[in-house]
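A.B. asks: The structure is given below, and queries will be raised subsequently.
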Amino acid sequence: MKIKKGLIAAAVAIAAVGLTLSGCSSSSGSSSSGSHALTIGMPNGPQTNNSNPFLNTSAASSLGYRFAIYEPLAEVNDTRPANKAVPWLAKSWKWNQDYTQLTITARDGVKWSDGKPFTAKDIAYSLELRKKNAALNTEGLPYGDITTSGDTVTVDFTTGQYVNQIKVLQLFIVPEHIWKNISDPTKDANKNPVGTGPYVLKSWTTQAVTLDANPDYWGGKLAAPQLRYTSYSGNDTLTTALSTGAAQWGWTFIADYQNVYINKDKAHNQAFFPAGLGIDYLALNTQKAPFNDVAVREALNSVVDRAKESKVAESGIFPELKNVTGIPTPAGSSFIADAYKDKTFKVDVTTAKKTLTDAGYTYKGSTLIGKDGQPVTFTLIDPAGWNDYDSGLTLIAASAKSIGIDAKVDTPTADSWTDSLNTGDFQAALHWTNAGVTPWEMYSDMFDPAYYVPAGQTAVWNYGRYQNDDAKALFKEYTDATDDAGRAKALDGLQKIYLDEVPTIAMDARPAGAEFSSKYYTGWPSESNAYANPQPTVPNVALILTKLKAAK
């Protein structure tokens, strides 16, 4: 697995995507049709019958089939940000100079799966739906006026969206004639989804969600006649399914994947882990004890063992984070402030204990006693069956023990865990960040105060409810900057706040990853043809499904 360099060039290339692009399409409805269903698995446990594409708790999101039904404006490969975006439901688009206005031209000849024509009005409606319902605006985009004229949509934003180009282009579109009749789009289960995508929902059961190829798909003929989605109880059961060929596409952590997975069927079993600027991090609830105290956050940050996290919990598949800013290297080396370029993480129990005692904590034997006179404790949560994260929590708990803190590990269901983070009902949990073209994306994901919502309300980023006016201003300065110098200055300031305030704890670099089989279908993304993020739950799903061909 290699981490690509040259992210500065990548950012320039993505900016170039803002120019009008046309003449590209899905390329290929595949000319080679197969007879086997393509079985797709995720390790997310029991699901409920909910196909609402906006909700990250729905089965459509958890299993990934929302992106086989609903399609984005453009297909953006966030693992190779230098690649040009592929026009999809938008046949072209153009930003103004300061990225406060986007003009989108809708693709013609597209129909919804119920036969109704797709138009620019559907794009405008989908954006208005997000603008009017904060819970649906999970990208946190600052929408202004949205207007249509013929086949074009003009979208104004209240601030410059240079860093959010990917977010805008990856937005999926829903049909106005269906969703305008839904009384509460934040709760509706959408059990009969209508999309423009390559597949349509055939049946939903707790055993499998079945989608059939859309016979009128605008992108052409599809190789796989049917998709079958299954939610396995955890990493182990999905690993078995992938290794034996019972599932042919999925994403799960597999320790020693070469022997456990690849070698089980060397002719067909494949894996691809492209890396970029995303990381895994420990989300800390800064509104709850003990992590409402920066001293505790700083002390824990000083003792977590990132080398073990990479080698033991992640079996070396996820690279070790070394720079104290949490920015992955070498992918993000050019973005690291001069003051921190040579500073690396070190496990330092002595310094951590001094940080705590200087802040007013005491020790009773080996137990850390809080300012309230009680032992300091906290609970770490991640879903049962996520073996790598669960192992990581155990390592973090051992690190906490080294400074006298008793940390318990709890493993709820994936749905319960997601709800706990969304509503702020947790103390600490391993999570992941998005991977953008600059570190702004991962930082904003972790601690941007602009995404703060009170406990009980649904957070989309900043799960730890971190608040800091200086940080909020710097994030805005970055998005408002009109040149690289302005962005670099703001990012340097954000790095200092991240080190001083420790709003989250960066743990390891996180590649995108997927396992898949070429037994029935070929054409998967690979190191030599990295045309898409390979995971089955991201917006590139439709692109991948149109690239597949039946194996000969």
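In the structure tokens, chains take letters A, B, ... by order of appearance, with residues numbered from 1 within each chain and ligands from 1 in the order shown.
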Set the distance at 7 Å and use only C-alpha atoms: which residues neighbour A:Asp151 once local chain neighbours fewer than 2 positions away are removed? I'd like the list as a count of residues only.

C.D. replies: 6

A.B. asks: Can you build me a table of stretch 266-333 of chain A residues sitting at most 9 Å from stretch 79-97 of chain A, with the closest atom pair per residue and its distance in Å to one decimal, using only C-alpha atoms, sorted by chain and residue number, as JSON lines?

C.D. replies:
```
{"residue": "A:Pro274", "atom": "CA", "partner": "A:Thr79", "partner_atom": "CA", "distance": 6.1}
{"residue": "A:Ala275", "atom": "CA", "partner": "A:Thr79", "partner_atom": "CA", "distance": 6.2}
{"residue": "A:Gly276", "atom": "CA", "partner": "A:Thr79", "partner_atom": "CA", "distance": 5.7}
{"residue": "A:Leu277", "atom": "CA", "partner": "A:Thr79", "partner_atom": "CA", "distance": 8.5}
```

A.B. asks: Those same residues, written as a PDB file, in the first residue's frame with all heavy atoms?

C.D. replies:
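As written to disk, part-v2.pdb reads:
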```
ATOM      1  N   PRO A 274      -6.187   2.468  -0.997  1.00  0.00           N
ATOM      2  CA  PRO A 274      -5.572   3.751  -1.338  1.00  0.00           C
ATOM      3  C   PRO A 274      -5.668   4.738  -0.168  1.00  0.00           C
ATOM      4  O   PRO A 274      -6.698   4.827   0.496  1.00  0.00           O
ATOM      5  CB  PRO A 274      -6.401   4.226  -2.532  1.00  0.00           C
ATOM      6  CG  PRO A 274      -7.734   3.575  -2.342  1.00  0.00           C
ATOM      7  CD  PRO A 274      -7.462   2.254  -1.702  1.00  0.00           C
ATOM      8  N   ALA A 275      -4.581   5.459   0.095  1.00  0.00           N
ATOM      9  CA  ALA A 275      -4.528   6.372   1.237  1.00  0.00           C
ATOM     10  C   ALA A 275      -4.470   7.820   0.783  1.00  0.00           C
ATOM     11  O   ALA A 275      -4.032   8.123  -0.327  1.00  0.00           O
ATOM     12  CB  ALA A 275      -3.319   6.061   2.108  1.00  0.00           C
ATOM     13  N   GLY A 276      -4.890   8.704   1.677  1.00  0.00           N
ATOM     14  CA  GLY A 276      -4.851  10.128   1.396  1.00  0.00           C
ATOM     15  C   GLY A 276      -4.698  10.925   2.666  1.00  0.00           C
ATOM     16  O   GLY A 276      -3.801  10.661   3.467  1.00  0.00           O
ATOM     17  N   LEU A 277      -5.600  11.864   2.917  1.00  0.00           N
ATOM     18  CA  LEU A 277      -5.495  12.755   4.071  1.00  0.00           C
ATOM     19  C   LEU A 277      -6.563  12.483   5.120  1.00  0.00           C
ATOM     20  O   LEU A 277      -6.887  13.363   5.922  1.00  0.00           O
ATOM     21  CB  LEU A 277      -5.572  14.215   3.615  1.00  0.00           C
ATOM     22  CG  LEU A 277      -4.327  14.738   2.900  1.00  0.00           C
ATOM     23  CD1 LEU A 277      -4.561  16.144   2.378  1.00  0.00           C
ATOM     24  CD2 LEU A 277      -3.132  14.712   3.826  1.00  0.00           C
TER      25      LEU A 277
END
```

A.B. asks: Report as a PyMOL selection string all protein, DNA and RNA residues lying within 9 Å of A:Ile327, evaluated on only C-alpha atoms, omitting residues in the same chain fewer than 2 positions from it.

C.D. replies: chain A and resi 277-279+321-325+329-333+335-336+439+442-443+506+509

A.B. asks: Please identify all polymer residues within 7 Å of stretch 76-78 of chain A, counting only C-alpha atoms, omitting same-chain residues fewer than 6 positions from it, and present them as a list in words.

C.D. replies: Ala85, Val86, Ile166, Gln170, Ala435, Gly436, Tyr531, Ala532 and Asn533 of chain A

A.B. asks: Next, dump the selected residues to file, keeping only all heavy atoms, as a compact mmCIF listing (two decimals), in the first residue's frame.

C.D. replies:
```
# COMPACT_ATOMS: atom_id res chain seq x y z
N ALA A 85 -12.81 15.24 -11.86
CA ALA A 85 -14.13 14.70 -11.54
C ALA A 85 -14.84 14.30 -12.83
O ALA A 85 -14.68 14.95 -13.87
CB ALA A 85 -14.96 15.73 -10.79
N VAL A 86 -15.61 13.23 -12.77
CA VAL A 86 -16.35 12.74 -13.93
C VAL A 86 -17.78 13.29 -13.88
O VAL A 86 -18.50 13.03 -12.91
CB VAL A 86 -16.40 11.20 -13.95
CG1 VAL A 86 -17.20 10.70 -15.16
CG2 VAL A 86 -14.98 10.62 -13.97
N ILE A 166 -15.53 19.30 -3.46
CA ILE A 166 -15.83 17.87 -3.47
C ILE A 166 -17.19 17.60 -2.85
O ILE A 166 -18.00 16.83 -3.37
CB ILE A 166 -14.73 17.08 -2.73
CG1 ILE A 166 -13.46 17.02 -3.57
CG2 ILE A 166 -15.20 15.67 -2.38
CD1 ILE A 166 -12.31 16.29 -2.89
N GLN A 170 -20.36 15.87 -4.85
CA GLN A 170 -20.76 14.52 -4.44
C GLN A 170 -22.20 14.45 -3.92
O GLN A 170 -22.67 13.36 -3.57
CB GLN A 170 -19.81 13.99 -3.37
CG GLN A 170 -18.44 13.61 -3.91
CD GLN A 170 -17.54 13.04 -2.85
OE1 GLN A 170 -17.54 13.49 -1.71
NE2 GLN A 170 -16.77 12.03 -3.18
N ALA A 435 -11.53 12.51 3.87
CA ALA A 435 -10.22 12.81 3.31
C ALA A 435 -10.41 13.79 2.16
O ALA A 435 -10.90 13.42 1.10
CB ALA A 435 -9.54 11.54 2.81
N GLY A 436 -10.02 15.02 2.36
CA GLY A 436 -10.17 16.03 1.32
C GLY A 436 -8.89 16.26 0.57
O GLY A 436 -7.97 15.43 0.60
N TYR A 531 -9.37 4.45 -10.35
CA TYR A 531 -10.35 5.40 -10.87
C TYR A 531 -11.41 5.78 -9.86
O TYR A 531 -12.20 6.71 -10.10
CB TYR A 531 -11.02 4.81 -12.12
CG TYR A 531 -11.88 3.59 -11.90
CD1 TYR A 531 -13.22 3.70 -11.52
CD2 TYR A 531 -11.37 2.32 -12.07
CE1 TYR A 531 -14.01 2.58 -11.32
CE2 TYR A 531 -12.15 1.19 -11.89
CZ TYR A 531 -13.47 1.32 -11.50
OH TYR A 531 -14.25 0.20 -11.30
N ALA A 532 -11.46 5.07 -8.69
CA ALA A 532 -12.52 5.35 -7.73
C ALA A 532 -12.09 4.92 -6.33
O ALA A 532 -11.22 4.07 -6.15
CB ALA A 532 -13.80 4.60 -8.11
N ASN A 533 -12.71 5.54 -5.33
CA ASN A 533 -12.65 5.03 -3.97
C ASN A 533 -13.37 3.69 -3.98
O ASN A 533 -14.53 3.61 -4.38
CB ASN A 533 -13.36 6.02 -3.03
CG ASN A 533 -13.33 5.59 -1.57
OD1 ASN A 533 -13.43 4.42 -1.25
ND2 ASN A 533 -13.23 6.57 -0.69
```

A.B. asks: Provide the atom CA of A:Ser58 to atom CA of A:Asn190 distance in Å, to one decimal place.

C.D. replies: 9.8 Å

A.B. asks: Within 10 Å of A:Asn192, counting only C-alpha atoms, which residues show up once you throw out same-chain ones fewer than 2 positions away? Write them as JSON, numbers by chain, please.

C.D. replies: {"A": [50, 51, 52, 189, 190, 194, 195, 200, 201, 202, 203, 204]}

A.B. asks: How many Å separate atom CA of A:Ala352 from atom CA of A:Asp390?

C.D. replies: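 Those two atoms sit 24.2 Å apart.
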
A.B. asks: Per residue of stretch 32-90 of chain A within 8 Å of stretch 173-178 of chain A, record the nearest atom pair and its distance in Å to one decimal, counting only C-alpha atoms, with rows in chain order and ascending residue number, as CSV.

C.D. replies:
```
residue,atom,partner,partner_atom,distance
A:Tyr70,CA,A:Ile173,CA,6.4
A:Glu71,CA,A:Ile173,CA,6.2
A:Pro72,CA,A:Ile173,CA,6.2
A:Leu73,CA,A:Ile173,CA,7.4
```

A.B. asks: When you count only C-alpha atoms, which of these residues is closest to A:Gly140: A:Lys401, A:Lys116, A:Lys549, A:Lys167?

C.D. replies: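 Checking each of A:Lys401, A:Lys116, A:Lys549, A:Lys167 against A:Gly140, counting only C-alpha atoms, the winner is A:Lys167.
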
A.B. asks: May I have the residues within 7 Å of stretch 511-528 of chain A as a compact mmCIF listing (two decimals) with N, CA and C atoms, in the first residue's frame, using only C-alpha atoms and disregarding those fewer than 3 positions away in the same chain?

C.D. replies:
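What landed in result37.txt:
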```txt
# COMPACT_ATOMS: atom_id res chain seq x y z
N HIS A 36 -24.63 -13.79 -12.68
CA HIS A 36 -24.57 -13.93 -11.23
C HIS A 36 -24.94 -12.62 -10.53
N GLN A 248 -18.88 -10.93 -2.49
CA GLN A 248 -17.86 -10.59 -3.48
C GLN A 248 -17.40 -9.14 -3.43
N TRP A 249 -17.96 -8.37 -2.52
CA TRP A 249 -17.53 -6.99 -2.35
C TRP A 249 -17.88 -6.56 -0.95
N GLY A 250 -16.95 -5.93 -0.27
CA GLY A 250 -17.23 -5.44 1.07
C GLY A 250 -16.07 -4.65 1.62
N TRP A 251 -16.26 -4.13 2.79
CA TRP A 251 -15.17 -3.49 3.50
C TRP A 251 -15.23 -3.93 4.95
N HIS A 268 -8.74 -14.90 -7.52
CA HIS A 268 -9.88 -13.97 -7.57
C HIS A 268 -9.93 -12.94 -6.44
N ASN A 269 -9.51 -13.31 -5.23
CA ASN A 269 -9.65 -12.41 -4.09
C ASN A 269 -8.66 -11.25 -4.19
N GLN A 270 -9.18 -10.03 -4.08
CA GLN A 270 -8.35 -8.83 -4.22
C GLN A 270 -8.69 -7.84 -3.11
N ALA A 271 -7.74 -6.96 -2.82
CA ALA A 271 -7.96 -5.87 -1.86
C ALA A 271 -7.22 -4.65 -2.34
N PHE A 272 -7.77 -3.48 -2.04
CA PHE A 272 -7.16 -2.23 -2.48
C PHE A 272 -7.35 -1.21 -1.36
N PHE A 273 -6.24 -0.61 -0.90
CA PHE A 273 -6.29 0.33 0.22
C PHE A 273 -5.61 1.65 -0.14
N PRO A 274 -6.19 2.47 -1.00
CA PRO A 274 -5.57 3.75 -1.34
C PRO A 274 -5.67 4.74 -0.17
N ALA A 275 -4.58 5.46 0.09
CA ALA A 275 -4.53 6.37 1.24
C ALA A 275 -4.47 7.82 0.78
N GLY A 276 -4.89 8.70 1.68
CA GLY A 276 -4.85 10.13 1.40
C GLY A 276 -4.70 10.92 2.67
N GLY A 278 -7.12 11.28 5.15
CA GLY A 278 -8.06 10.91 6.21
C GLY A 278 -7.33 10.21 7.34
N PHE A 318 -3.22 0.24 8.45
CA PHE A 318 -3.38 1.68 8.61
C PHE A 318 -2.05 2.24 9.08
N TYR A 531 -9.37 4.45 -10.35
CA TYR A 531 -10.35 5.40 -10.87
C TYR A 531 -11.41 5.78 -9.86
N ALA A 532 -11.46 5.07 -8.69
CA ALA A 532 -12.52 5.35 -7.73
C ALA A 532 -12.09 4.92 -6.33
N ASN A 533 -12.71 5.54 -5.33
CA ASN A 533 -12.65 5.03 -3.97
C ASN A 533 -13.37 3.69 -3.98
N PRO A 534 -12.71 2.60 -3.55
CA PRO A 534 -13.29 1.27 -3.76
C PRO A 534 -14.36 0.85 -2.76
N GLN A 535 -14.59 1.63 -1.71
CA GLN A 535 -15.52 1.19 -0.68
C GLN A 535 -16.96 1.14 -1.22
N ILE A 544 -18.36 2.62 -10.15
CA ILE A 544 -17.78 1.28 -10.14
C ILE A 544 -18.71 0.27 -10.81
N LYS A 547 -18.50 0.26 -14.43
CA LYS A 547 -17.21 -0.16 -14.97
C LYS A 547 -17.03 -1.69 -14.97
N LEU A 548 -17.84 -2.38 -14.18
CA LEU A 548 -17.67 -3.82 -14.06
C LEU A 548 -18.05 -4.54 -15.35
N LYS A 549 -17.36 -5.65 -15.59
CA LYS A 549 -17.66 -6.53 -16.72
C LYS A 549 -17.70 -7.97 -16.22
N ALA A 550 -18.50 -8.76 -16.87
CA ALA A 550 -18.58 -10.17 -16.47
C ALA A 550 -17.24 -10.86 -16.74
N ALA A 551 -16.83 -11.68 -15.78
CA ALA A 551 -15.58 -12.43 -15.95
C ALA A 551 -15.74 -13.44 -17.07
```

A.B. asks: I'd like the contact shell of A:Pro454 - 12 Å cut-off, only C-alpha atoms, skipping same-chain residues fewer than 4 positions apart - returned as a list in words.

C.D. replies: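 Answer for this query is Asn285, Thr286, Gln287, Lys288, Asn422, Thr423, Gly424, Asp425, Pro449, Thr458, Ala459, Val460, Asn462, Tyr463, Gly464, Arg465, Tyr466 and Gln467 of chain A.
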
A.B. asks: How would the residues just chosen look if you wrote them out with N, CA, C and O atoms as a PDB file, in the first residue's frame?

C.D. replies:
```
ATOM      1  N   ASN A 285     -15.686  13.836  24.109  1.00  0.00           N
ATOM      2  CA  ASN A 285     -16.818  14.716  24.389  1.00  0.00           C
ATOM      3  C   ASN A 285     -16.344  15.851  25.298  1.00  0.00           C
ATOM      4  O   ASN A 285     -16.213  15.668  26.512  1.00  0.00           O
ATOM      5  N   THR A 286     -16.084  16.988  24.692  1.00  0.00           N
ATOM      6  CA  THR A 286     -15.532  18.113  25.449  1.00  0.00           C
ATOM      7  C   THR A 286     -16.563  18.791  26.340  1.00  0.00           C
ATOM      8  O   THR A 286     -16.229  19.721  27.084  1.00  0.00           O
ATOM      9  N   GLN A 287     -17.815  18.319  26.294  1.00  0.00           N
ATOM     10  CA  GLN A 287     -18.877  18.871  27.139  1.00  0.00           C
ATOM     11  C   GLN A 287     -19.102  18.038  28.393  1.00  0.00           C
ATOM     12  O   GLN A 287     -19.904  18.413  29.246  1.00  0.00           O
ATOM     13  N   LYS A 288     -18.404  16.898  28.490  1.00  0.00           N
ATOM     14  CA  LYS A 288     -18.599  15.994  29.629  1.00  0.00           C
ATOM     15  C   LYS A 288     -17.269  15.685  30.304  1.00  0.00           C
ATOM     16  O   LYS A 288     -16.232  15.607  29.652  1.00  0.00           O
ATOM     17  N   ASN A 422     -24.034  10.940  17.401  1.00  0.00           N
ATOM     18  CA  ASN A 422     -24.873  11.990  16.821  1.00  0.00           C
ATOM     19  C   ASN A 422     -25.435  12.925  17.891  1.00  0.00           C
ATOM     20  O   ASN A 422     -25.519  14.139  17.695  1.00  0.00           O
ATOM     21  N   THR A 423     -25.838  12.352  19.018  1.00  0.00           N
ATOM     22  CA  THR A 423     -26.536  13.134  20.047  1.00  0.00           C
ATOM     23  C   THR A 423     -25.631  13.584  21.180  1.00  0.00           C
ATOM     24  O   THR A 423     -26.077  14.295  22.088  1.00  0.00           O
ATOM     25  N   GLY A 424     -24.363  13.170  21.169  1.00  0.00           N
ATOM     26  CA  GLY A 424     -23.437  13.581  22.218  1.00  0.00           C
ATOM     27  C   GLY A 424     -23.546  12.785  23.492  1.00  0.00           C
ATOM     28  O   GLY A 424     -23.069  13.215  24.548  1.00  0.00           O
ATOM     29  N   ASP A 425     -24.126  11.588  23.420  1.00  0.00           N
ATOM     30  CA  ASP A 425     -24.292  10.746  24.602  1.00  0.00           C
ATOM     31  C   ASP A 425     -23.138   9.736  24.681  1.00  0.00           C
ATOM     32  O   ASP A 425     -23.328   8.528  24.554  1.00  0.00           O
ATOM     33  N   PRO A 449     -15.834  24.369  15.203  1.00  0.00           N
ATOM     34  CA  PRO A 449     -16.951  24.849  16.018  1.00  0.00           C
ATOM     35  C   PRO A 449     -18.170  25.272  15.214  1.00  0.00           C
ATOM     36  O   PRO A 449     -19.268  25.379  15.775  1.00  0.00           O
ATOM     37  N   THR A 458     -28.645  16.514  16.576  1.00  0.00           N
ATOM     38  CA  THR A 458     -27.825  15.657  15.726  1.00  0.00           C
ATOM     39  C   THR A 458     -26.613  16.399  15.176  1.00  0.00           C
ATOM     40  O   THR A 458     -26.750  17.377  14.442  1.00  0.00           O
ATOM     41  N   ALA A 459     -25.434  15.919  15.540  1.00  0.00           N
ATOM     42  CA  ALA A 459     -24.192  16.470  14.995  1.00  0.00           C
ATOM     43  C   ALA A 459     -23.840  15.726  13.716  1.00  0.00           C
ATOM     44  O   ALA A 459     -24.105  14.528  13.586  1.00  0.00           O
ATOM     45  N   VAL A 460     -23.252  16.439  12.759  1.00  0.00           N
ATOM     46  CA  VAL A 460     -22.792  15.790  11.535  1.00  0.00           C
ATOM     47  C   VAL A 460     -21.270  15.725  11.498  1.00  0.00           C
ATOM     48  O   VAL A 460     -20.689  14.815  10.914  1.00  0.00           O
ATOM     49  N   ASN A 462     -17.751  17.346  14.241  1.00  0.00           N
ATOM     50  CA  ASN A 462     -17.486  17.862  15.588  1.00  0.00           C
ATOM     51  C   ASN A 462     -18.353  17.140  16.619  1.00  0.00           C
ATOM     52  O   ASN A 462     -19.076  17.758  17.400  1.00  0.00           O
ATOM     53  N   TYR A 463     -18.240  15.808  16.615  1.00  0.00           N
ATOM     54  CA  TYR A 463     -19.043  15.011  17.551  1.00  0.00           C
ATOM     55  C   TYR A 463     -18.744  15.365  19.005  1.00  0.00           C
ATOM     56  O   TYR A 463     -19.598  15.214  19.881  1.00  0.00           O
ATOM     57  N   GLY A 464     -17.523  15.840  19.277  1.00  0.00           N
ATOM     58  CA  GLY A 464     -17.143  16.162  20.646  1.00  0.00           C
ATOM     59  C   GLY A 464     -17.641  17.504  21.137  1.00  0.00           C
ATOM     60  O   GLY A 464     -17.339  17.908  22.262  1.00  0.00           O
ATOM     61  N   ARG A 465     -18.401  18.196  20.297  1.00  0.00           N
ATOM     62  CA  ARG A 465     -19.024  19.479  20.672  1.00  0.00           C
ATOM     63  C   ARG A 465     -17.975  20.503  21.124  1.00  0.00           C
ATOM     64  O   ARG A 465     -18.177  21.276  22.063  1.00  0.00           O
ATOM     65  N   TYR A 466     -16.857  20.547  20.445  1.00  0.00           N
ATOM     66  CA  TYR A 466     -15.791  21.495  20.784  1.00  0.00           C
ATOM     67  C   TYR A 466     -16.206  22.909  20.404  1.00  0.00           C
ATOM     68  O   TYR A 466     -16.752  23.137  19.320  1.00  0.00           O
ATOM     69  N   GLN A 467     -15.937  23.874  21.296  1.00  0.00           N
ATOM     70  CA  GLN A 467     -16.243  25.274  21.037  1.00  0.00           C
ATOM     71  C   GLN A 467     -15.007  26.132  21.308  1.00  0.00           C
ATOM     72  O   GLN A 467     -14.360  25.983  22.344  1.00  0.00           O
TER      73      GLN A 467
END
```

A.B. asks: Between A:Glu298, A:Glu477, A:Asp445, A:Glu139, single out the one closest to A:Asp280, counting only C-alpha atoms.

C.D. replies: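 Checking each of A:Glu298, A:Glu477, A:Asp445, A:Glu139 against A:Asp280, counting only C-alpha atoms, the winner is A:Asp445.
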
A.B. asks: Give the answer as one residue: which of A:Gly493, A:Pro215, A:Gly316, A:Pro290 has the shortest atom-to-atom distance to A:Thr379, using only C-alpha atoms?

C.D. replies: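 Of all the options, A:Pro290 lies closest to A:Thr379.
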
A.B. asks: Write down as a compact mmCIF listing (two decimals) with N, CA and C atoms, in the first residue's frame the residues belonging to stretch 135-263 of chain A that are assigned alpha helix (DSSP H) by DSSP computed on the backbone.

C.D. replies:
```txt
# COMPACT_ATOMS: atom_id res chain seq x y z
N GLN A 165 -15.54 21.99 -2.67
CA GLN A 165 -15.93 21.61 -4.03
C GLN A 165 -16.33 20.15 -4.11
N ILE A 166 -15.53 19.30 -3.46
CA ILE A 166 -15.83 17.87 -3.47
C ILE A 166 -17.19 17.60 -2.85
N LYS A 167 -17.47 18.25 -1.72
CA LYS A 167 -18.75 18.02 -1.04
C LYS A 167 -19.93 18.36 -1.95
N VAL A 168 -19.83 19.50 -2.63
CA VAL A 168 -20.93 19.92 -3.49
C VAL A 168 -21.13 18.93 -4.63
N LEU A 169 -20.04 18.56 -5.28
CA LEU A 169 -20.15 17.69 -6.45
C LEU A 169 -20.62 16.29 -6.09
N GLU A 176 -37.97 15.59 -7.07
CA GLU A 176 -38.89 16.55 -6.44
C GLU A 176 -40.30 15.99 -6.37
N HIS A 177 -40.75 15.29 -7.44
CA HIS A 177 -42.15 14.86 -7.48
C HIS A 177 -42.47 13.81 -6.42
N ILE A 178 -41.45 13.19 -5.83
CA ILE A 178 -41.65 12.24 -4.74
C ILE A 178 -41.47 12.93 -3.39
N TRP A 179 -40.35 13.62 -3.23
CA TRP A 179 -39.99 14.13 -1.92
C TRP A 179 -40.81 15.34 -1.50
N ASN A 235 -16.79 -8.10 11.92
CA ASN A 235 -15.67 -8.31 11.00
C ASN A 235 -15.41 -9.78 10.71
N ASP A 236 -15.49 -10.62 11.74
CA ASP A 236 -15.14 -12.03 11.57
C ASP A 236 -16.08 -12.74 10.60
N THR A 237 -17.37 -12.52 10.76
CA THR A 237 -18.33 -13.22 9.89
C THR A 237 -18.26 -12.70 8.45
N LEU A 238 -18.03 -11.40 8.30
CA LEU A 238 -17.88 -10.88 6.94
C LEU A 238 -16.57 -11.36 6.32
N THR A 239 -15.52 -11.46 7.11
CA THR A 239 -14.25 -11.99 6.60
C THR A 239 -14.44 -13.38 6.04
N THR A 240 -15.16 -14.21 6.76
CA THR A 240 -15.43 -15.57 6.28
C THR A 240 -16.20 -15.53 4.98
N ALA A 241 -17.20 -14.69 4.91
CA ALA A 241 -18.01 -14.60 3.68
C ALA A 241 -17.17 -14.14 2.50
N LEU A 242 -16.31 -13.17 2.72
CA LEU A 242 -15.45 -12.68 1.64
C LEU A 242 -14.41 -13.72 1.23
N SER A 243 -13.83 -14.38 2.22
CA SER A 243 -12.78 -15.37 1.93
C SER A 243 -13.31 -16.55 1.16
N THR A 244 -14.54 -16.95 1.45
CA THR A 244 -15.12 -18.12 0.79
C THR A 244 -15.85 -17.77 -0.50
N TYR A 257 -4.50 -9.96 6.25
CA TYR A 257 -5.42 -10.17 5.14
C TYR A 257 -4.81 -10.99 4.00
N GLN A 258 -3.48 -10.95 3.87
CA GLN A 258 -2.85 -11.73 2.80
C GLN A 258 -3.13 -13.22 2.98
N ASN A 259 -2.90 -13.73 4.18
CA ASN A 259 -3.12 -15.16 4.44
C ASN A 259 -4.59 -15.49 4.66
N VAL A 260 -5.26 -14.63 5.39
CA VAL A 260 -6.65 -14.92 5.77
C VAL A 260 -7.61 -14.75 4.60
```
